[in-house]
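Trainee: Mind looking over this structure? Questions follow.
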Amino acid sequence: MRDFSNDHRWLSINTATVRRQRGEPWPLPQILDACAARGIRAVAPWRDQVAAAGLAATARQLRALDLELSGYCRGGMFTYADATARQALRDDNRRALDEACTLGAPCLVLVVGGLPRGLAGHPAHKDIAAARAQVTEGVAWLLDEARTRRMPLAIEPLHPMYAADRACINTLAQALDLCDALDPAAGGALGVAVDLYHVWWDPLLAAMIERAGRARLLAFHVCDWLLPTRDLLEDRGMMGDGIIDIRAVRALVEAQGYAGCSEVEIFSALDWWRRDGGEVLDTCIERHRRCV
Ligand code: ZN
C-alpha cells in the first residue's frame with residue numbers, strides 16, 4: 001500500500017469541494033491556480049464550473065499548470081419521462097464525452113439518475129425497476145459513443161438515500177452487474193467509481209472491490225460520513241472527522257492494483273463551503289496525508 005504520509009502526489013481535488021466559499025462561487029481558474037500552488041497535481045472538475053470558465057481556456061490552463069484529471073463530473077441522468085427528454089439527455093451526454101476528451105480526462109463519471117423527474121421533486125412514476133431498465137439502455141447507448149472516443153465510463157453507485165432523485169444504481173454489485181452485462185471483456189471501457197461516502201456501509205464492499213479488480217476500478221473518491229449527518233446532500237465530512245475506515249478501503253482497492261488518485265469530494269454547505277478556499281485545500285492535503 002502506498003505511503004501518503006509525506007506525499008500528496010496522489011491527492012486529487014474534486015472541485016465541488018471548493019465550489020463556493022463563504023457564499024461566493026470560487027471560479028475554476030482560481031481553484032486550479034490554488035491547487036497548483038500547493039503542489040496538488042490532479043483535479044476533477046464539474047461541467048458547470050468548466051462551462052463558466054470556458055472549455056478551451058480550462059484545457060489550456062490545465063496544460064499550463066501540468067494538472068491531470070482524475071475524472072470528469074459528470075454524465076448520466078439516463079432516466080426520462082418522454083422522447084424529448086430522452087433526446088436531450090443523449091445530446092447532453094455526447095457533449096459531456098466531448099468535453100472529457102478535450103480536457104484529457106481518464107474517465108467520465110456517471111451518476112445514472114433516479115426516477116424520471118425525481119431530481120425536480122415530481123417523479124413521473126414510482127416504478128424504480130423501469131428506471132433501472134432505462135439506465136441499462138442509457139449506459140449501453142453511451143458506451144458505444146464512448147468507445148469511438150476512447151473515453152472510459154465510470155459508473156458511480158450512490159447511497160440508497162439518493163435512489164429516487166439521483167441514482168437508482170446504489171451498490172457496487174448493481175454497478176458491476178451492469179458492467180459485466182454491457183462490457184463482458186472488461187477491457188477498460190466501462191468500470192466503477194468507488195466513492196466511500198456511498199459504499200462504506202455495504203456488507204459486500206470488500207467482495208465487490210475484489211470482483212471489480214483492476215480493470216473496473218476507475219476512480220476512488222474520499223470524504224467522511226459525519227455522525228450526525230445534518231443534510232442528505234451537503235453535509236459530507238472531511239477525512240478523519242467521521243466514521244469511515246478510509247485507509248482500510250484504500251488497502252482493498254490497492255490490493256487489486258489500483259494506483260490512481262484519492263479524489264477528495266466534499267459537499268459541505270454547513271462547514272467547509274463556509275471557509276476560505278485555501279484553508280480547505282490545506283486541510284485536504286493534511287488529512288490526505290494523515291487519514292487517507
Ligand atoms: Zn463521488
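Starting from 1 in every chain, residues are counted up; chains themselves are A, B, ... following the order of the C-alpha cells, and ligands are numbered from 1 as listed.
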Determine which residues of segment 33-281 of chain A DSSP labels as alpha helix (DSSP H) from the backbone of this structure, then write them out as an MDAnalysis selection string.
Mentor: chainID A and resid 33:37 47:53 55:65 83:103 128:149 172:182 196:199 205:216 246:255 277:281
Trainee: With 9 Å as the cut-off and only C-alpha atoms counted, what is the closest atom pair between each nearby residue of segment 172-221 of chain A and segment 61-71 of chain A? Distances in Å to one decimal, ordered by chain and number, as CSV.
Mentor:
```
residue,atom,partner,partner_atom,distance
A:Leu218,CA,A:Gly71,CA,8.6
A:Ala219,CA,A:Ser70,CA,7.1
A:Phe220,CA,A:Ser70,CA,8.9
```
Trainee: Limited to N, CA, C and O atoms, could you put the picked residues into a file as a tab-separated table (two decimals), in the first residue's frame?
Mentor:
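Written file, out_36.tsv:
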```tsv
chain	number	residue	atom	x	y	z
A	218	LEU	N	-11.96	2.49	-11.70
A	218	LEU	CA	-11.54	3.65	-12.49
A	218	LEU	C	-11.36	4.91	-11.65
A	218	LEU	O	-10.70	5.84	-12.10
A	219	ALA	N	-11.98	4.95	-10.48
A	219	ALA	CA	-11.87	6.16	-9.66
A	219	ALA	C	-12.15	5.81	-8.21
A	219	ALA	O	-12.92	4.87	-7.92
A	220	PHE	N	-11.51	6.57	-7.30
A	220	PHE	CA	-11.64	6.34	-5.86
A	220	PHE	C	-11.87	7.69	-5.20
A	220	PHE	O	-10.99	8.56	-5.21
```
Trainee: As an MDAnalysis selection string, list the residues of segment 187-269 of chain A assigned to strand (DSSP E) by DSSP on the backbone atoms of this structure.
Mentor: chainID A and resid 190:195 217:222 262:264
Trainee: Could you work out how far atom CA of Leu110 of chain A lies from atom CA of Gly240 of chain A, giving the answer in Å with one decimal?
Mentor: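 Rounded to one decimal, the two atoms are 26.6 Å apart.
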Trainee: Can you work out the spacing between atom CA of Pro116 of chain A and atom CA of Asn170 of chain A in Å, to one decimal?
Mentor: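 Atom-to-atom, atom CA of Pro116 of chain A and atom CA of Asn170 of chain A are spaced 16.1 Å apart.
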Trainee: Could you give me the residues within 8 Å of ligand 1, counting only C-alpha atoms and all ligand atoms, as a VMD selection string?
Mentor: chain A and resid 156 193 to 198 220 to 222 265
Trainee: Residues within 10 Å of Ala129 of chain A, please, as JSON, numbers by chain. Count only C-alpha atoms; anything in the same chain fewer than 6 positions from it doesn't count.
Mentor: {"A": [115, 135, 168]}
Trainee: Identify, on the basis of only C-alpha atoms, every residue whose closest approach to Met77 of chain A does not exceed 9 Å; exclude the query and any residue fewer than 4 positions from it along the same chain; express the result as a ChimeraX atom specification.
Mentor: /A:89,93,110-114,116,135,138,166-167
Trainee: Can you write just those residues out, C-alpha atoms, as a PDB file, in the first residue's frame?
Mentor:
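Contents of the output file selection-v7.pdb:
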```pdb
ATOM      1  CA  LEU A  89     -30.155  13.571 -22.196  1.00  0.00           C
ATOM      2  CA  ASN A  93     -24.125  13.084 -22.613  1.00  0.00           C
ATOM      3  CA  LEU A 110     -21.705   8.649 -14.439  1.00  0.00           C
ATOM      4  CA  VAL A 111     -24.432   9.436 -11.947  1.00  0.00           C
ATOM      5  CA  VAL A 112     -27.174   7.439 -13.565  1.00  0.00           C
ATOM      6  CA  GLY A 113     -30.397   9.154 -12.451  1.00  0.00           C
ATOM      7  CA  GLY A 114     -33.272   8.177 -10.183  1.00  0.00           C
ATOM      8  CA  PRO A 116     -37.655  10.273 -14.092  1.00  0.00           C
ATOM      9  CA  VAL A 135     -30.308   3.249 -17.028  1.00  0.00           C
ATOM     10  CA  GLY A 138     -28.678   4.620 -21.460  1.00  0.00           C
ATOM     11  CA  ARG A 166     -30.070  10.986  -8.272  1.00  0.00           C
ATOM     12  CA  ALA A 167     -29.147   7.376  -8.905  1.00  0.00           C
TER      13      ALA A 167
END
```
Trainee: Using atom CA of Ala186 of chain A and atom CA of Ala88 of chain A as the two end points, give the distance in Å to one decimal.
Mentor: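 Distance reported for this atom pair: 29.0 Å.
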